[in-house]
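Next up, run.pdb (PDB, C-alpha atoms):
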```pdb
ATOM      1  CA  MET A   1     -37.084   5.056 -13.645
ATOM      2  CA  LYS A   2     -35.359   8.416 -13.968
ATOM      3  CA  LEU A   3     -32.750   9.886 -11.649
ATOM      4  CA  ARG A   4     -33.700  13.443 -10.663
ATOM      5  CA  SER A   5     -31.300  16.392 -10.621
ATOM      6  CA  LYS A   6     -30.654  16.047  -6.873
ATOM      7  CA  GLY A   7     -29.924  12.313  -7.166
ATOM      8  CA  GLN A   8     -33.396  11.278  -6.036
ATOM      9  CA  LEU A   9     -35.328   8.220  -7.172
ATOM     10  CA  THR A  10     -38.889   7.112  -6.566
ATOM     11  CA  VAL A  11     -38.989   3.562  -5.236
ATOM     12  CA  PRO A  12     -41.835   1.786  -7.041
ATOM     13  CA  LEU A  13     -44.892   0.888  -4.943
ATOM     14  CA  GLU A  14     -44.394  -2.877  -5.453
ATOM     15  CA  ILE A  15     -40.883  -2.683  -3.962
ATOM     16  CA  ARG A  16     -41.989  -0.457  -1.058
ATOM     17  CA  GLU A  17     -44.799  -2.888  -0.249
ATOM     18  CA  HIS A  18     -42.502  -5.915  -0.512
ATOM     19  CA  LEU A  19     -39.958  -4.350   1.879
ATOM     20  CA  GLY A  20     -42.663  -2.874   4.134
ATOM     21  CA  LEU A  21     -41.306   0.646   3.615
ATOM     22  CA  HIS A  22     -43.286   3.713   4.606
ATOM     23  CA  GLU A  23     -42.690   7.452   4.414
ATOM     24  CA  GLY A  24     -39.855   8.445   6.731
ATOM     25  CA  ASP A  25     -38.271   4.964   6.861
ATOM     26  CA  GLU A  26     -34.519   4.834   6.348
ATOM     27  CA  VAL A  27     -32.934   2.623   3.715
ATOM     28  CA  GLU A  28     -29.390   1.557   2.932
ATOM     29  CA  PHE A  29     -27.723   1.027  -0.415
ATOM     30  CA  THR A  30     -24.927  -1.511  -0.829
ATOM     31  CA  ILE A  31     -22.952  -2.027  -4.016
ATOM     32  CA  HIS A  32     -21.860  -5.447  -5.294
ATOM     33  CA  GLY A  33     -20.050  -4.997  -8.610
ATOM     34  CA  ASN A  34     -22.515  -3.197 -10.875
ATOM     35  CA  VAL A  35     -25.544  -4.144  -8.756
ATOM     36  CA  VAL A  36     -27.035  -1.895  -6.067
ATOM     37  CA  HIS A  37     -29.038  -3.501  -3.257
ATOM     38  CA  LEU A  38     -31.685  -1.517  -1.380
ATOM     39  CA  THR A  39     -32.524  -2.697   2.137
ATOM     40  CA  ARG A  40     -34.394  -1.332   5.111
ATOM     41  CA  ALA A  41     -31.869   0.311   7.447
ATOM     42  CA  GLU A  42     -31.501  -1.092  10.940
ATOM     43  CA  HIS A  43     -32.752   1.479  13.395
ATOM     44  CA  LYS A  44     -29.848   2.832  15.422
ATOM     45  CA  SER A  45     -29.928   5.584  17.984
ATOM     46  CA  HIS A  46     -27.944   8.708  17.183
ATOM     47  CA  GLY A  47     -25.326   7.718  19.769
ATOM     48  CA  ARG A  48     -24.926   4.251  18.241
ATOM     49  CA  GLN A  49     -24.512   5.802  14.770
ATOM     50  CA  ILE A  50     -21.708   8.030  16.050
ATOM     51  CA  ALA A  51     -20.037   5.131  17.842
ATOM     52  CA  ALA A  52     -20.214   2.971  14.710
ATOM     53  CA  ARG A  53     -18.500   5.676  12.646
ATOM     54  CA  LEU A  54     -15.737   6.099  15.233
ATOM     55  CA  ARG A  55     -15.167   2.381  15.894
ATOM     56  CA  GLY A  56     -11.608   1.338  15.061
ATOM     57  CA  ARG A  57     -10.264   4.874  14.611
ATOM     58  CA  GLY A  58      -8.566   5.274  17.987
ATOM     59  CA  LYS A  59      -4.767   5.486  17.932
ATOM     60  CA  SER A  60      -3.907   6.344  21.521
ATOM     61  CA  GLY A  61      -1.677   3.324  22.042
ATOM     62  CA  MET A  62      -3.411   2.738  25.371
ATOM     63  CA  SER A  63      -5.144  -0.493  26.307
ATOM     64  CA  THR A  64      -8.833  -0.519  27.177
ATOM     65  CA  ASP A  65      -7.927  -1.110  30.836
ATOM     66  CA  GLU A  66      -5.583   1.913  30.825
ATOM     67  CA  ILE A  67      -8.299   4.122  29.317
ATOM     68  CA  MET A  68     -10.880   2.901  31.840
ATOM     69  CA  ASP A  69      -8.437   3.567  34.712
ATOM     70  CA  LEU A  70      -7.865   7.077  33.354
ATOM     71  CA  LEU A  71     -11.619   7.727  33.197
ATOM     72  CA  ARG A  72     -12.028   6.515  36.781
ATOM     73  CA  GLY A  73      -9.163   8.748  37.932
ATOM     74  CA  GLU A  74      -6.935   5.827  38.834
ATOM     75  CA  ASP A  75      -3.174   5.792  38.214
TER      76      ASP A  75
END
```
Serialized structure, structure tokens:
Amino acid sequence: MKLRSKGQLTVPLEIREHLGLHEGDEVEFTIHGNVVHLTRAEHKSHGRQIAARLRGRGKSGMSTDEIMDLLRGED
């Protein structure tokens, strides 16, 4: 298998069939040492993808209850 100039690979038919992959399906790569694992990506809505990327990045110092009160307009 040869890596193309844009970093593209062709997944062999036997692997696509085994994983049940079809054109347009999304896949994920995970690295364990020198081994790369290819898996079918879990389908997530665009909003869930954004939320997953942002999870754990907040540094407001406010508790969840304080944030919810602020959103509701409560003091």
Review point. Any idea what's packed within 7 Å of Leu38 in chain A, counting all atoms listed in the file, ignoring anything in its chain fewer than 6 positions away? Could you give it as JSON, numbers by chain?
Key: {"A": [27, 28, 29, 30]}
Could the residues in this selection be written to a file with C-alpha atoms, as a JSON list (two decimals), in the coordinates of the input?
```json
[["chain", "number", "residue", "atom", "x", "y", "z"],
["A", 27, "VAL", "CA", -32.93, 2.62, 3.72],
["A", 28, "GLU", "CA", -29.39, 1.56, 2.93],
["A", 29, "PHE", "CA", -27.72, 1.03, -0.42],
["A", 30, "THR", "CA", -24.93, -1.51, -0.83]]
```
Step by step, gather every atom of range 47-51 of chain A that the file lists, find the box along x, y and z that holds them, add 5 Å on each side, and finally give centre and edge lengths in Å to one decimal, as JSON.
```
{"center_x": -22.7, "center_y": 6.1, "center_z": 17.3, "size_x": 15.3, "size_y": 13.8, "size_z": 15.0}
```
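Coordinates place CA of Gly47 in chain A at a distance of 23.2 Å from CA of Met62 in chain A.
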Kindly indicate which residue among A:Gly56, A:Gly61, A:Leu19, A:Met68 lies nearest to Ala41 in chain A, using all atoms listed in the file for the distances.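 Comparing A:Gly56, A:Gly61, A:Leu19, A:Met68 against Ala41 in chain A, the winner is A:Leu19.
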Students should find that CA of His37 in chain A and CA of Lys2 in chain A are spaced 17.2 Å
_Using Å and a single decimal, report how far CA of Leu70 in chain A sits from CA of Arg53 in chain A._
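Pair CA of Arg53 in chain A / CA of Leu70 in chain A returns 23.3 Å.
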Inset, instruction - Name every residue that the PyMOL selection byres ((chain A and resi 1) around 12) selects in this structure, writing the answer as a PyMOL selection string with chains first and numbers rising. - result: chain A and resi 2-4+8-12
